[in-house]
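Pasting start13.tsv here (TSV, C-alpha atoms and all ligand atoms):
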chain	number	residue	atom	x	y	z
B	1	MET	CA	127.17	-71.09	-18.46
B	2	SER	CA	125.00	-69.89	-21.31
B	3	GLU	CA	122.00	-67.71	-20.73
B	4	SER	CA	118.79	-69.47	-19.76
B	5	LEU	CA	115.25	-69.03	-18.52
B	6	LEU	CA	114.15	-70.45	-15.23
B	7	LEU	CA	110.48	-71.29	-14.90
B	8	SER	CA	108.98	-72.43	-11.62
B	9	CYS	CA	105.95	-74.70	-11.57
B	10	ARG	CA	103.99	-77.07	-9.39
B	11	SER	CA	106.12	-80.04	-8.40
B	12	GLY	CA	105.32	-82.96	-10.73
B	13	PHE	CA	104.40	-80.69	-13.66
B	14	GLU	CA	107.94	-80.04	-14.91
B	15	ASN	CA	107.38	-81.93	-18.18
B	16	ASP	CA	104.30	-79.88	-18.98
B	17	CYS	CA	106.08	-76.64	-18.12
B	18	ALA	CA	109.02	-77.74	-20.31
B	19	ALA	CA	106.79	-78.74	-23.25
B	20	GLU	CA	105.05	-75.39	-23.01
B	21	ILE	CA	108.17	-73.21	-23.07
B	22	GLN	CA	109.67	-75.33	-25.86
B	23	PHE	CA	106.49	-74.80	-27.88
B	24	HIS	CA	106.59	-71.02	-27.42
B	25	ALA	CA	110.32	-70.78	-28.14
B	26	ASN	CA	109.73	-72.67	-31.40
B	27	GLN	CA	106.89	-70.29	-32.25
B	28	LEU	CA	109.28	-67.37	-31.76
B	29	GLY	CA	111.92	-69.09	-33.89
B	30	ILE	CA	114.33	-69.33	-30.95
B	31	SER	CA	116.26	-72.51	-30.43
B	32	GLY	CA	117.02	-74.03	-27.08
B	33	PHE	CA	116.24	-77.02	-24.93
B	34	ALA	CA	114.57	-77.63	-21.60
B	35	ARG	CA	116.33	-79.29	-18.70
B	36	THR	CA	113.97	-80.89	-16.22
B	37	LYS	CA	114.05	-83.20	-13.28
B	38	ASN	CA	110.81	-84.64	-12.01
B	39	GLU	CA	109.47	-83.04	-8.84
B	40	GLN	CA	112.15	-80.35	-8.58
B	41	GLY	CA	109.52	-77.61	-8.99
B	42	PHE	CA	111.25	-75.76	-11.83
B	43	VAL	CA	112.52	-76.05	-15.39
B	44	GLU	CA	115.57	-74.53	-17.02
B	45	PHE	CA	115.33	-73.57	-20.65
B	46	GLU	CA	118.75	-73.11	-22.10
B	47	CYS	CA	119.18	-70.97	-25.20
B	48	PHE	CA	122.00	-71.42	-27.70
B	49	THR	CA	122.43	-67.76	-28.59
B	50	ALA	CA	123.23	-64.91	-26.21
B	51	GLY	CA	120.29	-62.58	-25.78
B	52	ASP	CA	117.68	-65.20	-26.68
B	53	ALA	CA	116.49	-65.93	-23.13
B	54	LEU	CA	115.82	-62.23	-22.60
B	55	ALA	CA	114.18	-62.06	-26.03
B	56	ILE	CA	111.71	-64.81	-25.03
B	57	HIS	CA	111.10	-63.14	-21.68
B	58	ARG	CA	110.29	-59.85	-23.42
B	59	LYS	CA	108.27	-61.18	-26.36
B	60	LEU	CA	106.20	-63.96	-24.81
B	61	ASP	CA	103.29	-62.68	-22.73
B	62	PHE	CA	103.55	-64.29	-19.28
B	63	ARG	CA	99.76	-64.80	-19.31
B	64	GLU	CA	100.23	-67.30	-22.17
B	65	LEU	CA	102.06	-69.65	-19.85
B	66	VAL	CA	99.64	-72.06	-18.20
B	67	PHE	CA	102.04	-74.23	-16.21
B	68	THR	CA	104.55	-71.52	-15.16
B	69	ARG	CA	104.09	-69.75	-11.85
B	70	GLN	CA	107.06	-67.42	-12.17
B	71	TRP	CA	109.92	-66.95	-14.59
B	72	GLN	CA	113.21	-65.13	-14.91
B	73	VAL	CA	116.24	-64.82	-17.11
B	74	VAL	CA	119.30	-66.48	-15.54
B	75	TYR	CA	122.65	-64.83	-16.23
B	76	GLN	CA	124.72	-66.70	-13.67
B	77	LYS	CA	124.49	-69.91	-11.72
B	78	LEU	CA	126.60	-69.28	-8.63
B	79	HIS	CA	128.20	-71.27	-5.91
B	80	LEU	CA	128.61	-68.60	-3.24
B	81	ASN	CA	131.08	-68.28	-0.45
B	82	PRO	CA	128.92	-68.62	2.71
B	83	ASP	CA	131.11	-66.02	4.46
B	84	ASP	CA	130.38	-63.36	1.86
B	85	ARG	CA	127.41	-64.01	-0.36
B	86	ILE	CA	126.64	-60.35	-0.94
B	87	SER	CA	129.81	-59.12	-2.71
B	88	GLU	CA	129.46	-61.45	-5.66
B	89	ILE	CA	125.73	-60.81	-6.06
B	90	LEU	CA	126.36	-57.09	-5.91
B	91	SER	CA	129.21	-56.96	-8.40
B	92	LEU	CA	127.46	-59.20	-10.94
B	93	SER	CA	124.08	-57.51	-10.73
B	94	GLN	CA	125.59	-54.09	-11.39
B	95	SER	CA	126.81	-55.18	-14.78
B	96	TRP	CA	123.22	-55.91	-15.93
B	97	GLY	CA	121.78	-52.42	-15.60
B	98	LYS	CA	119.46	-50.93	-13.02
B	99	CYS	CA	116.70	-52.83	-11.25
B	100	SER	CA	113.87	-51.33	-9.21
B	101	GLN	CA	113.83	-54.03	-6.54
B	102	PHE	CA	114.97	-57.56	-5.78
B	103	ALA	CA	113.10	-60.77	-5.04
B	104	GLN	CA	114.13	-64.12	-3.61
B	105	ASP	CA	112.45	-67.39	-4.59
B	106	TYR	CA	113.18	-71.08	-4.16
B	107	PRO	CA	111.52	-74.26	-5.44
B	108	ASP	CA	108.08	-74.94	-3.99
B	109	THR	CA	109.10	-78.43	-2.85
B	110	ASN	CA	109.59	-79.94	0.59
B	111	SER	CA	113.35	-79.34	0.47
B	112	GLY	CA	112.90	-75.90	-1.13
B	113	LYS	CA	110.59	-74.75	1.63
B	114	GLN	CA	113.42	-75.14	4.12
B	115	LEU	CA	115.01	-72.10	2.48
B	116	SER	CA	112.26	-69.71	3.55
B	117	GLY	CA	113.96	-68.91	6.88
B	118	PHE	CA	117.29	-68.38	5.16
B	119	CYS	CA	115.73	-65.98	2.62
B	120	ARG	CA	114.00	-64.02	5.38
B	121	LYS	CA	117.28	-63.62	7.25
B	122	PHE	CA	119.20	-62.70	4.10
B	123	HIS	CA	116.65	-60.08	3.06
B	124	LYS	CA	117.84	-57.25	5.32
B	125	PRO	CA	121.58	-57.36	4.58
B	126	LEU	CA	120.86	-57.79	0.88
B	127	GLN	CA	118.50	-54.85	0.91
B	128	LYS	CA	121.05	-52.70	2.70
B	129	ALA	CA	123.69	-53.54	0.10
B	130	LEU	CA	121.41	-53.12	-2.94
B	131	VAL	CA	119.37	-50.04	-2.06
B	132	PRO	CA	121.93	-47.49	-3.32
B	133	PHE	CA	121.87	-49.20	-6.73
B	134	LEU	CA	118.10	-49.54	-7.17
B	135	GLU	CA	116.19	-47.23	-9.48
B	136	SER	CA	112.45	-47.14	-8.93
B	137	SER	CA	111.60	-46.36	-12.56
B	138	SER	CA	113.19	-49.58	-13.88
B	139	ASP	CA	110.89	-52.41	-15.05
B	140	TYR	CA	113.57	-54.97	-14.11
B	141	ILE	CA	113.59	-56.89	-10.85
B	142	LEU	CA	116.82	-58.54	-9.70
B	143	GLN	CA	115.67	-62.12	-9.17
B	144	LEU	CA	117.44	-64.62	-6.94
B	145	PHE	CA	116.39	-68.27	-7.09
B	146	TRP	CA	118.06	-70.35	-4.38
B	147	LEU	CA	118.67	-74.08	-4.68
B	148	ASP	CA	120.30	-74.18	-1.27
B	149	SER	CA	121.96	-71.54	0.90
B	150	GLN	CA	124.98	-71.40	-1.46
B	151	MET	CA	123.69	-72.38	-4.90
B	152	LEU	CA	121.93	-69.54	-6.61
B	153	TYR	CA	120.46	-68.74	-10.03
B	154	LEU	CA	120.87	-65.02	-10.47
B	155	GLY	CA	119.23	-62.89	-13.14
B	156	VAL	CA	116.35	-60.57	-13.82
B	157	ARG	CA	112.67	-60.54	-14.66
B	158	LEU	CA	110.40	-57.84	-16.00
B	159	ALA	CA	107.90	-56.65	-13.40
B	160	SER	CA	105.38	-56.00	-16.18
B	161	ASN	CA	105.69	-59.51	-17.64
B	162	SER	CA	105.86	-61.82	-14.63
B	163	SER	CA	103.80	-62.75	-11.60
B	164	PRO	CA	103.45	-59.99	-8.97
B	165	TYR	CA	103.35	-62.59	-6.18
B	166	PRO	CA	106.36	-64.00	-4.29
B	167	MET	CA	107.24	-67.33	-5.97
B	168	GLY	CA	104.29	-66.68	-8.28
B	169	ILE	CA	101.98	-67.89	-5.52
B	170	LEU	CA	98.95	-66.00	-4.31
B	171	ARG	CA	98.43	-67.23	-0.77
B	172	LEU	CA	94.85	-67.02	0.40
B	173	LYS	CA	93.31	-67.69	3.75
B	174	GLN	CA	90.74	-70.47	3.92
B	175	PRO	CA	87.50	-68.81	5.06
B	176	SER	CA	86.29	-70.71	8.14
B	177	VAL	CA	82.69	-70.75	6.85
B	178	ALA	CA	83.47	-72.07	3.36
B	179	PRO	CA	82.22	-75.64	2.90
B	180	SER	CA	85.34	-76.97	1.08
B	181	ARG	CA	89.00	-76.20	0.39
B	182	SER	CA	88.10	-75.98	-3.31
B	183	THR	CA	86.69	-72.56	-2.50
B	184	LEU	CA	90.19	-71.08	-2.79
B	185	LYS	CA	90.44	-72.15	-6.45
B	186	LEU	CA	87.65	-69.80	-7.46
B	187	ASP	CA	88.85	-67.03	-5.14
B	188	GLU	CA	92.32	-67.29	-6.69
B	189	ALA	CA	90.89	-67.48	-10.23
B	190	PHE	CA	89.09	-64.15	-9.78
B	191	ALA	CA	92.31	-62.59	-8.47
B	192	VAL	CA	94.75	-64.05	-11.00
B	193	LEU	CA	92.79	-64.48	-14.24
B	194	LEU	CA	91.10	-61.05	-14.14
B	195	ASN	CA	92.80	-57.71	-13.65
B	196	GLU	CA	91.52	-55.08	-11.23
B	197	ASP	CA	89.56	-53.21	-13.85
B	198	GLU	CA	87.91	-56.41	-15.14
B	199	ARG	CA	86.98	-57.48	-11.61
B	200	ALA	CA	85.29	-54.13	-11.07
B	201	ARG	CA	83.38	-54.34	-14.37
B	202	TYR	CA	82.57	-58.06	-14.61
B	203	ILE	CA	81.72	-58.84	-10.97
B	204	GLN	CA	78.70	-56.90	-9.73
B	205	PRO	CA	76.43	-57.39	-6.74
B	206	GLY	CA	73.03	-58.81	-7.67
B	207	GLN	CA	74.32	-60.78	-10.69
B	208	HIS	CA	73.03	-64.28	-11.38
B	209	ALA	CA	75.45	-67.21	-11.51
B	210	VAL	CA	75.22	-70.92	-12.24
B	211	ASP	CA	77.56	-73.36	-10.47
B	212	LEU	CA	77.81	-76.75	-12.24
B	213	GLY	CA	79.05	-79.54	-9.96
B	214	ALA	CA	78.52	-77.28	-6.96
B	215	CYS	CA	78.54	-79.60	-3.92
B	216	PRO	CA	79.33	-79.09	-1.12
B	217	GLY	CA	79.40	-75.41	-2.11
B	218	GLY	CA	82.91	-73.94	-1.94
B	219	TRP	CA	82.57	-72.14	-5.28
B	220	SER	CA	78.95	-71.13	-4.60
B	221	TYR	CA	80.20	-69.62	-1.34
B	222	GLN	CA	82.59	-67.34	-3.29
B	223	LEU	CA	79.76	-66.18	-5.56
B	224	ILE	CA	77.41	-65.57	-2.62
B	225	ARG	CA	80.19	-63.69	-0.86
B	226	ARG	CA	80.30	-61.41	-3.90
B	227	SER	CA	76.57	-60.76	-3.47
B	228	MET	CA	75.41	-62.91	-6.41
B	229	TYR	CA	72.36	-65.17	-6.72
B	230	VAL	CA	73.43	-68.71	-7.45
B	231	ASP	CA	71.75	-71.71	-9.10
B	232	ALA	CA	73.77	-74.68	-7.80
B	233	ILE	CA	73.56	-77.82	-9.94
B	234	ASP	CA	74.59	-81.14	-8.37
B	235	ASN	CA	73.00	-84.36	-7.20
B	236	GLY	CA	74.90	-84.20	-3.92
B	237	PRO	CA	74.03	-82.21	-0.78
B	238	MET	CA	74.85	-78.51	-0.44
B	239	ALA	CA	76.13	-77.10	2.86
B	240	GLU	CA	73.12	-76.14	4.97
B	241	HIS	CA	74.26	-72.62	5.85
B	242	LEU	CA	74.57	-71.69	2.16
B	243	MET	CA	70.95	-72.78	1.62
B	244	GLU	CA	69.97	-70.40	4.42
B	245	SER	CA	71.64	-67.41	2.74
B	246	GLY	CA	68.56	-66.78	0.61
B	247	GLN	CA	70.86	-66.36	-2.41
B	248	LEU	CA	71.10	-69.99	-3.47
B	249	THR	CA	68.77	-72.40	-5.29
B	250	HIS	CA	69.84	-76.03	-5.47
B	251	TYR	CA	68.85	-78.15	-8.51
B	252	ARG	CA	69.53	-81.86	-8.29
B	253	GLU	CA	70.22	-82.22	-12.01
B	254	ASP	CA	72.88	-83.32	-14.47
B	255	GLY	CA	75.18	-80.36	-15.17
B	256	PHE	CA	75.55	-81.46	-18.79
B	257	LYS	CA	71.79	-81.32	-19.36
B	258	PHE	CA	70.85	-78.28	-17.25
B	259	VAL	CA	69.43	-75.40	-19.30
B	260	PRO	CA	69.05	-72.05	-17.52
B	261	SER	CA	65.49	-70.73	-17.46
B	262	ARG	CA	66.61	-67.13	-16.91
B	263	LYS	CA	68.20	-65.04	-19.66
B	264	ASN	CA	70.41	-62.94	-17.40
B	265	VAL	CA	73.09	-65.32	-16.15
B	266	SER	CA	76.35	-63.39	-15.89
B	267	TRP	CA	78.66	-66.06	-14.50
B	268	LEU	CA	78.94	-69.77	-15.23
B	269	VAL	CA	81.37	-71.69	-13.03
B	270	CYS	CA	82.09	-75.39	-13.34
B	271	ASP	CA	84.15	-77.76	-11.21
B	272	MET	CA	82.71	-81.09	-12.44
B	273	VAL	CA	85.16	-83.96	-12.55
B	274	GLU	CA	84.88	-84.92	-16.22
B	275	LYS	CA	86.96	-85.28	-19.36
B	276	PRO	CA	88.45	-81.85	-20.17
B	277	SER	CA	87.29	-81.99	-23.79
B	278	ARG	CA	83.72	-82.65	-22.65
B	279	VAL	CA	83.79	-79.73	-20.19
B	280	THR	CA	85.30	-77.49	-22.88
B	281	ARG	CA	82.47	-78.29	-25.30
B	282	LEU	CA	79.89	-77.63	-22.56
B	283	MET	CA	81.44	-74.24	-21.78
B	284	LEU	CA	81.40	-73.40	-25.50
B	285	LYS	CA	77.72	-74.32	-25.67
B	286	TRP	CA	76.92	-71.87	-22.85
B	287	LEU	CA	79.00	-69.02	-24.28
B	288	LEU	CA	77.91	-69.46	-27.90
B	289	SER	CA	74.24	-69.78	-26.92
B	290	GLY	CA	74.51	-66.58	-24.91
B	291	TRP	CA	73.44	-68.45	-21.74
B	292	CYS	CA	76.22	-66.69	-19.78
B	293	LYS	CA	78.66	-63.82	-20.31
B	294	TYR	CA	81.66	-65.08	-18.35
B	295	ALA	CA	82.83	-68.57	-17.48
B	296	ILE	CA	85.41	-69.89	-15.04
B	297	PHE	CA	85.98	-73.62	-15.11
B	298	ASN	CA	88.40	-76.34	-14.13
B	299	LEU	CA	89.89	-78.79	-16.60
B	300	LYS	CA	90.96	-81.94	-14.78
B	301	LEU	CA	94.19	-83.43	-16.13
B	302	PRO	CA	94.76	-86.97	-14.91
B	303	MET	CA	96.36	-87.96	-18.24
B	304	LYS	CA	100.09	-88.09	-19.16
B	305	LYS	CA	100.31	-85.49	-21.95
B	306	ARG	CA	98.73	-82.65	-20.06
B	307	PHE	CA	100.16	-79.82	-22.14
B	308	ALA	CA	98.90	-81.43	-25.35
B	309	GLU	CA	95.44	-81.84	-23.85
B	310	VAL	CA	95.36	-78.22	-22.65
B	311	GLN	CA	96.49	-76.95	-26.05
B	312	GLN	CA	93.78	-78.88	-27.80
B	313	ASP	CA	91.06	-77.62	-25.46
B	314	LEU	CA	92.19	-73.99	-25.49
B	315	SER	CA	92.61	-74.01	-29.29
B	316	LEU	CA	89.07	-75.31	-29.70
B	317	LEU	CA	87.73	-72.59	-27.40
B	318	ARG	CA	89.64	-69.83	-29.23
B	319	GLU	CA	88.73	-71.12	-32.68
B	320	GLU	CA	85.01	-71.42	-31.97
B	321	LEU	CA	84.78	-68.10	-30.11
B	322	SER	CA	86.70	-66.27	-32.85
B	323	GLN	CA	84.19	-67.47	-35.46
B	324	THR	CA	81.46	-65.38	-33.81
B	325	GLY	CA	83.27	-62.20	-34.85
B	326	TYR	CA	82.93	-60.84	-31.29
B	327	ARG	CA	85.84	-59.96	-29.02
B	328	PHE	CA	86.62	-62.75	-26.61
B	329	GLU	CA	89.04	-63.73	-23.86
B	330	VAL	CA	90.47	-67.15	-23.07
B	331	ARG	CA	93.02	-67.32	-20.24
B	332	ALA	CA	94.25	-70.35	-18.39
B	333	LYS	CA	96.56	-71.04	-15.48
B	334	GLN	CA	97.48	-73.84	-13.20
B	335	LEU	CA	96.72	-71.93	-10.02
B	336	TYR	CA	98.45	-72.52	-6.71
B	337	HIS	CA	95.27	-74.10	-5.33
B	338	ASP	CA	94.84	-76.33	-8.40
B	339	ARG	CA	96.13	-79.86	-8.16
B	340	GLU	CA	95.98	-82.12	-11.26
B	341	GLU	CA	93.99	-79.48	-13.08
B	342	ILE	CA	94.04	-75.99	-14.53
B	343	THR	CA	91.54	-73.15	-14.32
B	344	VAL	CA	90.23	-71.28	-17.35
B	345	PHE	CA	88.49	-67.94	-17.74
B	346	ALA	CA	86.57	-67.39	-20.99
B	347	CYS	CA	84.16	-64.70	-22.09
B	348	LEU	CA	82.52	-63.40	-25.22
B	349	HIS	CA	81.88	-59.65	-25.52
B	350	ARG	CA	78.69	-59.44	-27.55
B	351	ASP	CA	78.60	-55.61	-27.46
B	401	LIG	C1	85.21	-81.30	-7.17
B	401	LIG	S1	83.55	-81.42	-6.69
B	401	LIG	C2	83.04	-79.75	-6.67
B	401	LIG	C3	83.46	-79.00	-5.46
B	401	LIG	C4	82.85	-77.62	-5.40
B	401	LIG	N1	83.33	-76.76	-6.48
B	401	LIG	C5	83.17	-76.95	-4.08
B	401	LIG	O1	83.92	-75.98	-4.08
B	401	LIG	O2	82.63	-77.38	-3.06
B	401	LIG	C6	82.78	-82.02	-8.12
B	401	LIG	C7	81.27	-82.11	-8.02
B	401	LIG	O3	80.77	-82.32	-9.34
B	401	LIG	C8	79.61	-83.08	-9.23
B	401	LIG	N2	79.31	-83.65	-10.55
B	401	LIG	C9	80.06	-84.52	-11.28
B	401	LIG	N3	79.41	-84.79	-12.45
B	401	LIG	C10	78.28	-84.04	-12.45
B	401	LIG	C11	77.22	-83.88	-13.37
B	401	LIG	N4	77.21	-84.53	-14.53
B	401	LIG	N5	76.22	-83.05	-13.04
B	401	LIG	C12	76.21	-82.37	-11.88
B	401	LIG	N6	77.20	-82.50	-10.96
B	401	LIG	C13	78.21	-83.32	-11.24
B	401	LIG	C14	79.91	-84.10	-8.16
B	401	LIG	O4	78.71	-84.58	-7.58
B	401	LIG	C15	80.75	-83.28	-7.17
B	401	LIG	O5	79.96	-82.77	-6.12
How does this structure look as structure tokens?
Amino acid sequence: MSESLLLSCRSGFENDCAAEIQFHANQLGISGFARTKNEQGFVEFECFTAGDALAIHRKLDFRELVFTRQWQVVYQKLHLNPDDRISEILSLSQSWGKCSQFAQDYPDTNSGKQLSGFCRKFHKPLQKALVPFLESSSDYILQLFWLDSQMLYLGVRLASNSSPYPMGILRLKQPSVAPSRSTLKLDEAFAVLLNEDERARYIQPGQHAVDLGACPGGWSYQLIRRSMYVDAIDNGPMAEHLMESGQLTHYREDGFKFVPSRKNVSWLVCDMVEKPSRVTRLMLKWLLSGWCKYAIFNLKLPMKKRFAEVQQDLSLLREELSQTGYRFEVRAKQLYHDREEITVFACLHRD
């Protein structure tokens, strides 16, 4: 088998994940093709030339990948002997150089989830066998991706250029007082789209935030929880207990027409169900007018060519923000708590 990349994604988004990696491989001048099956929860990108899968993995910043949760280079696809899975894994992995640790993943599908017990059980014996060969200073992680308890994609990923979370999924607990499950999207966005240093600098108690399409208040709850004052814009009803927090003002207005009266809005968040291009232009209006410093918003993707739509929207954002001459950030990810949508973080540093 030739060398390939394995990219895991939300089930049903394989074509978007495939289109994305094909696009980036083309940009890098590397030829290959994507193998996908609908709803299998991963994509294989096969390269024609030895070394190319690792080259993509090293050169392409993982944060550029919107539809990929986790990725690895695959050196071997194995059909293991159930009586001795470890020997083969051990002998192969030693020929690829030192790794600092190992990780086991499987597709995030109904059938894949049945492998979680198997992986838990296999962890200890595998650890015992591998520990003498691990080297903590290595940036490589030995990555196992199980298709069933015998079929395995074995390879490596770079710790510094992949998701730090098992299966690329940040699991969060639904707060019992949050008014909707959507609340986890914003919680995850803060954790995944910003790094620790940015969270410390950009999120401060006492900041003002605007939440467009706020009802019933799951996103507002996350802002209030971070000690912000929130203007919530929506014609619907907000959860009563949020109103009682003293940190929230509810405006029954159209989010596309709302103009902030205060000049010190730090955060704009937006979860309105609308055409992604329309939401993108609204976010640009806020950032370019200096109405907010940072924005986190959802782009809903009910259409077929989701990668093409995302590319168009993100290109527009980057183009328009770059014309200001200021430094800016645009990052996007289909988060674990996102469904037919992605979440974007954008900001313009005017200083
Ligand atoms: C997905 S829900 C938001 C859920 C919310 N983020 C939460 O966590 O509870 C979308 C909301 O957008 C609101 N909405 C849609 N179009 C809007 C508009 N033009 N102006 C204001 N709100 C709008 C809807 O009323 C709905 O409450």
Check your understanding: Can I get the residues close to ligand LIG 401 (chain B) as an NGL selection string, where close means within 7 Å and we count only C-alpha atoms and all ligand atoms?
Key -> :B and (179-183 or 212-220 or 233-236 or 253-256 or 271-274)
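With all atoms listed in the file as the basis for measurement, B:Thr343 is the residue among B:Thr343, B:Ser137, B:Gln150, B:Gln312 that approaches B:Ile296 most closely.
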Review point. If we count only C-alpha atoms, what is near stretch 189-192 of chain B at a cut-off of 9 Å, once residues fewer than 5 positions away on the same chain are taken out, given as a PyMOL selection string?
Key: chain B and resi 170+184+199+296+333+335+343-345
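With only C-alpha atoms as the atoms that count, the residue of B:Ser289, B:Ser149, B:Ser8, B:Ser322 with the shortest distance to B:Val66 is B:Ser8.
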Practice item. May I have the residues within 12 Å of B:Ser261 as a list in words, using all atoms listed in the file and disregarding those fewer than 6 positions away in the same chain? Key: His208, Val210, Asp231, Trp291 and Cys292 of chain B
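With all atoms listed in the file as the basis for measurement, B:Asp148 is the residue among B:Phe48, B:Asp148, B:Met238, B:Glu3 that approaches B:Phe118 most closely.
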Practice item. Find the residues with any atom within 10 Å of (107.8, -79.2, -3.3); use all atoms listed in the file and the coordinates as given in the file, and write the answer as a ChimeraX atom specification. Key: /B:9-12,39-42,106-113
Review point. Got a sec: who's within 12 Å of B:Leu282, counting all atoms listed in the file, leaving out chain neighbours fewer than 4 positions off, as an MDAnalysis selection string?
Key: chainID B and resid 212 255:259 268:270 272 274:278 286:289 291:292 295 297 299 313 316:317
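Shell of B:Lys304 at 12 Å, with all atoms listed in the file counted and residues fewer than 4 places along the chain excluded, is Gly12, Phe13, Asn15, Asp16, Lys300, Ala308, Glu309, Val310 and Glu340 of chain B.
For the pair atom CA of B:Thr36 and atom CA of B:Gln70, the separation is 15.7 Å.
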Study note, to complete from the structure: With distances taken over only C-alpha atoms, the candidate from B:Gln207, B:Gln101, B:Ser91, B:Asn26 nearest B:His123 is B:Gln101
May I have the centre and edge lengths, in Å to one decimal, of an axis-aligned box around the listed atoms of stretch 297-306 of chain B with 3 Å added to every side, as lines of an AutoDock Vina configuration file?
center_x = 93.1
center_y = -80.9
center_z = -18.0
size_x = 20.3
size_y = 20.5
size_z = 13.8
